[in-house]
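Written below as structure tokens is the structure these notes are about.
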Amino acid sequence: MTIDEKVLPDLDAAAKTWLDRLQSALGDGAADATAELFHPDAWWRDLLAFTWDLRTAHGHDALAARIAGASSAGSVSFSLTDRPVLVEAGAEPWVQAVFELRTAVARGRGVLRLVERDGVWRAWTLLTAMDELIGHEELVGARRPFNSLEGPGRTWPEVRERQREFADGEPAVLIVGAGHSGLGLAARLGRLGVPTLVVDRNERIGDGWRNRYDSLVLHDPVWYDHLPYLPFPPNWPVYTPKDKLADWLEFYAHAMELNVWTGSELAETKRDGDGWAVTVRRADGSLRTVRPRHLVLATGVSGTEPNMPDVPGIDDFRGLACHSRDFPRGVDFAGQKAVVIGSCNSGHDLAQELYEKGAQVTMIQRSPTYVVSLAGSAIAMTGMYDGSGPPTDVADLLSASFPFKCAPEMHQATTAAMAEHDKELLAGLEKAGFLLSSGINGTGALQLFLQRGGGYYINVGCSELIAEEKIGLRSGVEPARFTPTGLELSDGSTLDADVVVFATGYRGMVETARRLLGDEIADRCGPVWGLDDEGELQGVWRRSGQDGLWFMGGNLAMARFYGKFLALQIKAHEVGLLEPRTTSKGGE
């Protein structure tokens, strides 16, 4: 469908008129204006601005409830920031407008998409996202500190040492995990003036990447992976080697003046009034108890607890059997027979690593896997996260403005285009017996990541090795039991092996909470990750079932964008704008 230029409306006027009408409806709580403003299949995604949560309303009933409840935000105003544009990317074109918003307590931005049907322009999608709290803005730009010598100490090293050790006070926030999620959140909290401590059990910042298998590189391009405030330099490679990223994280922590205790673990954690009493075992073996009001687990989307299948006979196996987390580095596997159980990113990467070290490798593929090449996956990011795309903050806003469950046909079309690009590669895999998937309802990797946290492989070379039968494949089978010399599979066949690696993932963030905080608190958390009924991710970047406990995770892009909303919620708690859902007493 193409709109005749002769009948195009004044796009500025159309968007401004619509925003004025929404502003009036919100001020009056006029739910009866819903049908005039929104199409019946419209979506409104709100990131804190009106709900103090990450929420998506879909359909007239939910939209009417959103408008009726918005009066609690106080006076609201909207203003266009750029000229609206006409986008012809699907079955029907839309007018897209980026705007600024202001409520009684916050400023933010949003994206509006208007679609014309039966001569009337109504909203198809609306995003409203909080950017800053009025009176509690980030200490950046014109608000940056005059110098770094604020506080006790005569020199910058002395000041930083006292800050890092919390010699003069308690941290308001304790973050467990100094990966990209934990460091990015700490940077945002620091710019909001919230004293934050990060602890990590590794010896150095970045060891979570540095200690992984040698061939690992990021599967997303550099434009997608910037950290908050400090983008990668312009000479950075498109795909980042894991050791290079590890060094960057270490540099990032120093440049952003983050307070990180490495070689440190939680020895004991319990509720202490409305906060926490956390005893940390430091690298030198000493114990230090801190009392933060907020505890954040930033230990990765999948958590830290390996999902290790219970395969009988493992004690009888004469070779090496381990989970991918414990895969040894620098070991010479030349001439050995290796079996990798699992066919997603880690399974492929490990199989390729073993092959390149001279092992004879067989992959056990238990279920179908979605596969896309690096070049194919770049199709989904064209014009957004590439060398020709908009600034990262604009790309993030536009990406977030499509709710996760909105417009599956667009994801299906993109997935089909990627499959067409990769058709020779996919045909080679099928010929080798590899079981292929197109993702959930043909939507590729995105919904697999959001709903399952895996189920896909972004090819960096292993698929060609499988297609050329340089890496063996047994598909549609499970390991049934170990034998002294290998594995017996569920179809009755056997495989000889000197090393068996389980690339079978992890048990999730709640299980990490269970190990660190106990069953009672973990059971209160509810699900973390996976989409809820509205289409928002459960438990992460938003309040959990336990007051004062937050979960932080996601790939580099999601952590960069959504970490801001977690930081804003914590800051809002700190200044009394957002109250706990319940109040804990003592050790309850």
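Residues in the structure tokens are named by chain (A, B, ... in the order shown) and by number from 1 within that chain; ligands are numbered from 1 in the order shown.
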Practice problem: Find the spatial neighbours of segment 76-79 of chain A, counting only C-alpha atoms, within a cut-off of 7 Å - ignore same-chain residues fewer than 2 positions away - and output them as a list of chain:residue names. | Solution: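 Returned residues: A:Leu19, A:Gln23, A:Gly27, A:Gly74, A:Thr81, A:Phe99, A:Glu100, A:Leu101, A:Arg102, A:Thr103.
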Would you put the residues from that selection into a file with N, CA, C and O atoms, as a short mmCIF file (atom, residue, chain, number, x, y, z; two decimals), in the first residue's frame?
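Result went into selection-v1.cif, see below:
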```
data_model
loop_
_atom_site.label_atom_id
_atom_site.label_comp_id
_atom_site.auth_asym_id
_atom_site.auth_seq_id
_atom_site.Cartn_x
_atom_site.Cartn_y
_atom_site.Cartn_z
N LEU A 19 -1.05 14.11 19.75
CA LEU A 19 -0.44 14.24 21.07
C LEU A 19 -1.23 15.20 21.96
O LEU A 19 -1.37 14.97 23.17
N GLN A 23 -2.84 14.24 25.47
CA GLN A 23 -2.56 15.05 26.66
C GLN A 23 -3.85 15.45 27.37
O GLN A 23 -3.95 15.36 28.59
N GLY A 27 -5.10 14.11 31.07
CA GLY A 27 -5.39 15.08 32.13
C GLY A 27 -6.74 14.86 32.76
O GLY A 27 -6.93 15.08 33.95
N GLY A 74 0.02 13.25 37.40
CA GLY A 74 -0.09 14.71 37.46
C GLY A 74 -0.15 15.32 36.08
O GLY A 74 -0.51 14.67 35.10
N THR A 81 10.04 16.43 18.88
CA THR A 81 11.47 16.76 18.87
C THR A 81 12.03 16.82 17.45
O THR A 81 13.01 17.53 17.21
N PHE A 99 8.97 12.20 20.26
CA PHE A 99 8.54 13.34 21.05
C PHE A 99 9.17 13.31 22.43
O PHE A 99 9.71 12.28 22.88
N GLU A 100 9.11 14.43 23.12
CA GLU A 100 9.50 14.52 24.51
C GLU A 100 8.24 14.60 25.37
O GLU A 100 7.19 15.08 24.91
N LEU A 101 8.33 14.13 26.59
CA LEU A 101 7.20 14.20 27.50
C LEU A 101 7.68 14.68 28.86
O LEU A 101 8.86 14.57 29.21
N ARG A 102 6.74 15.23 29.61
CA ARG A 102 7.03 15.68 30.97
C ARG A 102 5.83 15.38 31.84
O ARG A 102 4.68 15.66 31.47
N THR A 103 6.10 14.77 33.00
CA THR A 103 5.06 14.57 34.01
C THR A 103 5.42 15.41 35.23
O THR A 103 6.36 16.20 35.19
#
```
Practice problem: Please provide the set of residues having any atom within 10 Å of Pro484 of chain A, restricted to only C-alpha atoms, with same-chain residues fewer than 3 positions apart removed, written as a PyMOL selection string. | Solution: chain A and resi 313-319+487+496-498
May I have the residues from that selection written out with all heavy atoms, as a PDB file, in the first residue's frame?
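Saved result, selection.pdb, follows:
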```pdb
ATOM      1  N   GLY A 313      26.159 -43.447  35.216  1.00  0.00           N
ATOM      2  CA  GLY A 313      27.438 -44.056  34.854  1.00  0.00           C
ATOM      3  C   GLY A 313      28.597 -43.100  34.754  1.00  0.00           C
ATOM      4  O   GLY A 313      29.698 -43.513  34.377  1.00  0.00           O
ATOM      5  N   ILE A 314      28.411 -41.816  35.114  1.00  0.00           N
ATOM      6  CA  ILE A 314      29.475 -40.841  34.916  1.00  0.00           C
ATOM      7  C   ILE A 314      30.719 -41.193  35.737  1.00  0.00           C
ATOM      8  O   ILE A 314      31.849 -40.927  35.310  1.00  0.00           O
ATOM      9  CB  ILE A 314      28.979 -39.416  35.239  1.00  0.00           C
ATOM     10  CG1 ILE A 314      30.003 -38.372  34.771  1.00  0.00           C
ATOM     11  CG2 ILE A 314      28.633 -39.265  36.701  1.00  0.00           C
ATOM     12  CD1 ILE A 314      29.481 -36.949  34.807  1.00  0.00           C
ATOM     13  N   ASP A 315      30.513 -41.838  36.891  1.00  0.00           N
ATOM     14  CA  ASP A 315      31.673 -42.200  37.716  1.00  0.00           C
ATOM     15  C   ASP A 315      32.495 -43.316  37.087  1.00  0.00           C
ATOM     16  O   ASP A 315      33.665 -43.510  37.445  1.00  0.00           O
ATOM     17  CB  ASP A 315      31.204 -42.626  39.114  1.00  0.00           C
ATOM     18  CG  ASP A 315      30.622 -41.464  39.911  1.00  0.00           C
ATOM     19  OD1 ASP A 315      30.979 -40.312  39.602  1.00  0.00           O
ATOM     20  OD2 ASP A 315      29.800 -41.711  40.809  1.00  0.00           O
ATOM     21  N   ASP A 316      31.890 -44.052  36.172  1.00  0.00           N
ATOM     22  CA  ASP A 316      32.615 -45.146  35.502  1.00  0.00           C
ATOM     23  C   ASP A 316      33.394 -44.666  34.281  1.00  0.00           C
ATOM     24  O   ASP A 316      34.259 -45.392  33.775  1.00  0.00           O
ATOM     25  CB  ASP A 316      31.637 -46.248  35.063  1.00  0.00           C
ATOM     26  CG  ASP A 316      30.889 -46.849  36.238  1.00  0.00           C
ATOM     27  OD1 ASP A 316      31.500 -46.975  37.315  1.00  0.00           O
ATOM     28  OD2 ASP A 316      29.702 -47.192  36.072  1.00  0.00           O
ATOM     29  N   PHE A 317      33.091 -43.447  33.818  1.00  0.00           N
ATOM     30  CA  PHE A 317      33.724 -42.934  32.603  1.00  0.00           C
ATOM     31  C   PHE A 317      35.188 -42.618  32.897  1.00  0.00           C
ATOM     32  O   PHE A 317      35.515 -41.917  33.860  1.00  0.00           O
ATOM     33  CB  PHE A 317      32.971 -41.682  32.134  1.00  0.00           C
ATOM     34  CG  PHE A 317      33.537 -41.033  30.903  1.00  0.00           C
ATOM     35  CD1 PHE A 317      33.780 -41.758  29.746  1.00  0.00           C
ATOM     36  CD2 PHE A 317      33.821 -39.671  30.906  1.00  0.00           C
ATOM     37  CE1 PHE A 317      34.301 -41.154  28.618  1.00  0.00           C
ATOM     38  CE2 PHE A 317      34.333 -39.048  29.782  1.00  0.00           C
ATOM     39  CZ  PHE A 317      34.578 -39.803  28.641  1.00  0.00           C
ATOM     40  N   ARG A 318      36.084 -43.103  32.033  1.00  0.00           N
ATOM     41  CA  ARG A 318      37.518 -42.954  32.276  1.00  0.00           C
ATOM     42  C   ARG A 318      38.086 -41.664  31.697  1.00  0.00           C
ATOM     43  O   ARG A 318      39.257 -41.349  31.904  1.00  0.00           O
ATOM     44  CB  ARG A 318      38.273 -44.160  31.706  1.00  0.00           C
ATOM     45  CG  ARG A 318      37.946 -45.473  32.421  1.00  0.00           C
ATOM     46  CD  ARG A 318      38.989 -46.525  32.135  1.00  0.00           C
ATOM     47  NE  ARG A 318      38.937 -46.999  30.762  1.00  0.00           N
ATOM     48  CZ  ARG A 318      38.315 -48.110  30.372  1.00  0.00           C
ATOM     49  NH1 ARG A 318      37.699 -48.862  31.277  1.00  0.00           N
ATOM     50  NH2 ARG A 318      38.318 -48.470  29.116  1.00  0.00           N
ATOM     51  N   GLY A 319      37.249 -40.898  30.962  1.00  0.00           N
ATOM     52  CA  GLY A 319      37.716 -39.648  30.377  1.00  0.00           C
ATOM     53  C   GLY A 319      37.294 -38.439  31.196  1.00  0.00           C
ATOM     54  O   GLY A 319      36.943 -38.542  32.376  1.00  0.00           O
ATOM     55  N   LEU A 487      29.835 -42.938  25.550  1.00  0.00           N
ATOM     56  CA  LEU A 487      28.415 -42.735  25.808  1.00  0.00           C
ATOM     57  C   LEU A 487      27.570 -43.754  25.050  1.00  0.00           C
ATOM     58  O   LEU A 487      27.883 -44.117  23.907  1.00  0.00           O
ATOM     59  CB  LEU A 487      27.984 -41.336  25.355  1.00  0.00           C
ATOM     60  CG  LEU A 487      28.326 -40.132  26.226  1.00  0.00           C
ATOM     61  CD1 LEU A 487      28.023 -38.854  25.466  1.00  0.00           C
ATOM     62  CD2 LEU A 487      27.558 -40.164  27.540  1.00  0.00           C
ATOM     63  N   ASP A 496      32.456 -43.569  21.241  1.00  0.00           N
ATOM     64  CA  ASP A 496      33.670 -43.528  22.038  1.00  0.00           C
ATOM     65  C   ASP A 496      34.046 -42.076  22.297  1.00  0.00           C
ATOM     66  O   ASP A 496      33.879 -41.206  21.432  1.00  0.00           O
ATOM     67  CB  ASP A 496      34.816 -44.233  21.301  1.00  0.00           C
ATOM     68  CG  ASP A 496      34.631 -45.747  21.258  1.00  0.00           C
ATOM     69  OD1 ASP A 496      33.891 -46.278  22.107  1.00  0.00           O
ATOM     70  OD2 ASP A 496      35.215 -46.392  20.368  1.00  0.00           O
ATOM     71  N   ALA A 497      34.582 -41.805  23.486  1.00  0.00           N
ATOM     72  CA  ALA A 497      34.943 -40.427  23.822  1.00  0.00           C
ATOM     73  C   ALA A 497      36.037 -40.403  24.877  1.00  0.00           C
ATOM     74  O   ALA A 497      36.050 -41.234  25.796  1.00  0.00           O
ATOM     75  CB  ALA A 497      33.721 -39.663  24.330  1.00  0.00           C
ATOM     76  N   ASP A 498      36.939 -39.454  24.705  1.00  0.00           N
ATOM     77  CA  ASP A 498      37.915 -39.138  25.743  1.00  0.00           C
ATOM     78  C   ASP A 498      37.456 -37.946  26.572  1.00  0.00           C
ATOM     79  O   ASP A 498      37.866 -37.791  27.723  1.00  0.00           O
ATOM     80  CB  ASP A 498      39.268 -38.821  25.102  1.00  0.00           C
ATOM     81  CG  ASP A 498      39.802 -39.968  24.268  1.00  0.00           C
ATOM     82  OD1 ASP A 498      40.030 -41.048  24.843  1.00  0.00           O
ATOM     83  OD2 ASP A 498      39.960 -39.791  23.045  1.00  0.00           O
TER      84      ASP A 498
END
```
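For Gly461 of chain A, the list of residues within 9 Å, based on only C-alpha atoms and with local chain neighbours fewer than 2 positions off taken out, reads A:His348, A:Asp349, A:Gln352, A:Ser373, A:Asn459, A:Ser463, A:Glu464, A:Leu465.
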Exercise. Enumerate as number ranges by chain all residues of segment 238-459 of chain A assigned to strand (DSSP E or B) by DSSP on the backbone, naming them with the chain letters and numbers the document uses.
Key: A: 241, 259-261, 265-272, 275-281, 287-290, 294-297, 306, 320-323, 337-341, 360-365, 369-373, 436, 439, 444, 456-459
Quiz item: Contacts of Ala187 of chain A at 9 Å or less, counting only C-alpha atoms, minus same-chain residues fewer than 2 places along, as a PyMOL selection string?
Solution: chain A and resi 182-185+189-192+196+228-229+253+256-258
Serialized selection, C-alpha atoms, as a PDB file, in the first residue's frame:
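Full text of part-v6.pdb as output:
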```pdb
ATOM      1  CA  GLY A 182      26.575  -5.025  36.676  1.00  0.00           C
ATOM      2  CA  LEU A 183      29.144  -2.449  35.590  1.00  0.00           C
ATOM      3  CA  GLY A 184      26.702  -0.606  33.334  1.00  0.00           C
ATOM      4  CA  LEU A 185      24.131  -0.406  36.125  1.00  0.00           C
ATOM      5  CA  LEU A 189      23.661   4.653  39.635  1.00  0.00           C
ATOM      6  CA  GLY A 190      26.921   6.523  40.136  1.00  0.00           C
ATOM      7  CA  ARG A 191      25.766   9.277  37.774  1.00  0.00           C
ATOM      8  CA  LEU A 192      22.544   9.473  39.818  1.00  0.00           C
ATOM      9  CA  THR A 196      27.094   1.582  44.784  1.00  0.00           C
ATOM     10  CA  PRO A 228      26.479   3.380  28.817  1.00  0.00           C
ATOM     11  CA  TYR A 229      28.310   6.723  28.535  1.00  0.00           C
ATOM     12  CA  ALA A 253      35.311   0.311  35.582  1.00  0.00           C
ATOM     13  CA  MET A 256      33.730   5.409  35.253  1.00  0.00           C
ATOM     14  CA  GLU A 257      35.155   5.352  38.815  1.00  0.00           C
ATOM     15  CA  LEU A 258      33.166   2.280  39.836  1.00  0.00           C
TER      16      LEU A 258
END
```
Near segment 356-368 of chain A, 12 Å: segment 157-262 of chain A residue rows, closest pairs, only C-alpha atoms, as a Markdown table:
```
| residue | atom | partner | partner_atom | distance |
| --- | --- | --- | --- | --- |
| A:Tyr213 | CA | A:Lys357 | CA | 11.4 |
| A:Asp214 | CA | A:Lys357 | CA | 10.4 |
| A:Ser215 | CA | A:Glu356 | CA | 9.1 |
```
Exercise. Do a neighbour search on segment 387-403 of chain A at 7 Å with only C-alpha atoms, toss out local chain neighbours closer than 4 positions, and write the hits as a list of chain:residue names.
Key: A:Arg45, A:Val111, A:Leu126, A:Leu127, A:Gly383, A:Phe561
Written selection (all heavy atoms) as a compact mmCIF listing (two decimals), in the first residue's frame:
```txt
# COMPACT_ATOMS: atom_id res chain seq x y z
N ARG A 45 3.29 0.90 25.03
CA ARG A 45 4.34 0.39 25.92
C ARG A 45 4.83 1.54 26.78
O ARG A 45 5.25 2.58 26.26
CB ARG A 45 5.50 -0.19 25.10
CG ARG A 45 6.50 -0.93 25.97
CD ARG A 45 7.60 -1.58 25.18
NE ARG A 45 8.32 -2.50 26.04
CZ ARG A 45 9.59 -2.83 25.90
NH1 ARG A 45 10.31 -2.32 24.90
NH2 ARG A 45 10.17 -3.68 26.73
N VAL A 111 7.81 7.47 21.26
CA VAL A 111 7.67 7.26 19.81
C VAL A 111 6.20 6.95 19.54
O VAL A 111 5.60 6.09 20.20
CB VAL A 111 8.55 6.10 19.32
CG1 VAL A 111 8.36 5.90 17.82
CG2 VAL A 111 10.03 6.37 19.63
N LEU A 126 2.48 3.17 20.62
CA LEU A 126 2.91 4.33 21.40
C LEU A 126 3.92 3.84 22.43
O LEU A 126 3.67 2.85 23.13
CB LEU A 126 1.72 4.98 22.10
CG LEU A 126 2.04 6.15 23.05
CD1 LEU A 126 2.58 7.35 22.28
CD2 LEU A 126 0.80 6.54 23.86
N LEU A 127 5.05 4.51 22.51
CA LEU A 127 6.03 4.27 23.57
C LEU A 127 6.18 5.53 24.39
O LEU A 127 6.33 6.63 23.84
CB LEU A 127 7.40 3.91 22.98
CG LEU A 127 8.55 3.85 23.99
CD1 LEU A 127 8.44 2.59 24.85
CD2 LEU A 127 9.92 3.90 23.30
N GLY A 383 20.21 -0.31 9.08
CA GLY A 383 19.61 1.00 9.27
C GLY A 383 19.40 1.40 10.71
O GLY A 383 18.96 2.53 10.99
N PHE A 561 20.28 -0.31 27.63
CA PHE A 561 19.04 0.46 27.57
C PHE A 561 18.19 0.28 28.82
O PHE A 561 17.80 1.26 29.47
CB PHE A 561 18.25 0.05 26.33
CG PHE A 561 16.96 0.79 26.16
CD1 PHE A 561 16.97 2.13 25.79
CD2 PHE A 561 15.74 0.17 26.35
CE1 PHE A 561 15.78 2.84 25.62
CE2 PHE A 561 14.54 0.86 26.18
CZ PHE A 561 14.57 2.20 25.81
```
Quiz item: From the set A:Glu520, A:Asp28, A:Asp326, A:Asp12, which residue has the shortest atom-to-atom contact distance to Gly69 of chain A, counting only C-alpha atoms?
Solution: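 Smallest separation from Gly69 of chain A among the options: A:Asp28.
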Practice problem: Please report, as a PyMOL selection string, each residue of segment 296-383 of chain A to which DSSP assigns helix (DSSP H, G or I) when run on this structure's backbone. | Solution: chain A and resi 314-316+324-326+345-356+374-381
Give me a file of those residues, with C-alpha atoms, as an mmCIF file, in the first residue's frame.
```
data_model
loop_
_atom_site.group_PDB
_atom_site.id
_atom_site.type_symbol
_atom_site.label_atom_id
_atom_site.label_comp_id
_atom_site.auth_asym_id
_atom_site.auth_seq_id
_atom_site.Cartn_x
_atom_site.Cartn_y
_atom_site.Cartn_z
ATOM 1 C CA ILE A 314 29.475 -40.841 34.916
ATOM 2 C CA ASP A 315 31.673 -42.200 37.716
ATOM 3 C CA ASP A 316 32.615 -45.146 35.502
ATOM 4 C CA SER A 324 30.795 -25.936 29.489
ATOM 5 C CA ARG A 325 31.399 -23.617 32.466
ATOM 6 C CA ASP A 326 34.269 -25.847 33.568
ATOM 7 C CA ASN A 345 25.837 -20.966 20.683
ATOM 8 C CA SER A 346 28.002 -22.544 23.385
ATOM 9 C CA GLY A 347 27.760 -26.023 21.909
ATOM 10 C CA HIS A 348 28.842 -24.841 18.484
ATOM 11 C CA ASP A 349 31.622 -22.648 19.852
ATOM 12 C CA LEU A 350 33.023 -25.477 21.959
ATOM 13 C CA ALA A 351 32.802 -27.970 19.103
ATOM 14 C CA GLN A 352 34.699 -25.553 16.879
ATOM 15 C CA GLU A 353 37.255 -24.904 19.622
ATOM 16 C CA LEU A 354 37.883 -28.631 20.091
ATOM 17 C CA TYR A 355 38.146 -29.217 16.345
ATOM 18 C CA GLU A 356 40.677 -26.424 15.980
ATOM 19 C CA LEU A 374 26.660 -13.192 11.034
ATOM 20 C CA ALA A 375 25.919 -11.540 7.700
ATOM 21 C CA GLY A 376 22.363 -12.849 7.789
ATOM 22 C CA SER A 377 21.748 -11.615 11.320
ATOM 23 C CA ALA A 378 22.972 -8.164 10.284
ATOM 24 C CA ILE A 379 19.880 -7.887 8.051
ATOM 25 C CA ALA A 380 17.759 -7.403 11.189
ATOM 26 C CA MET A 381 19.934 -4.478 12.258
#
```
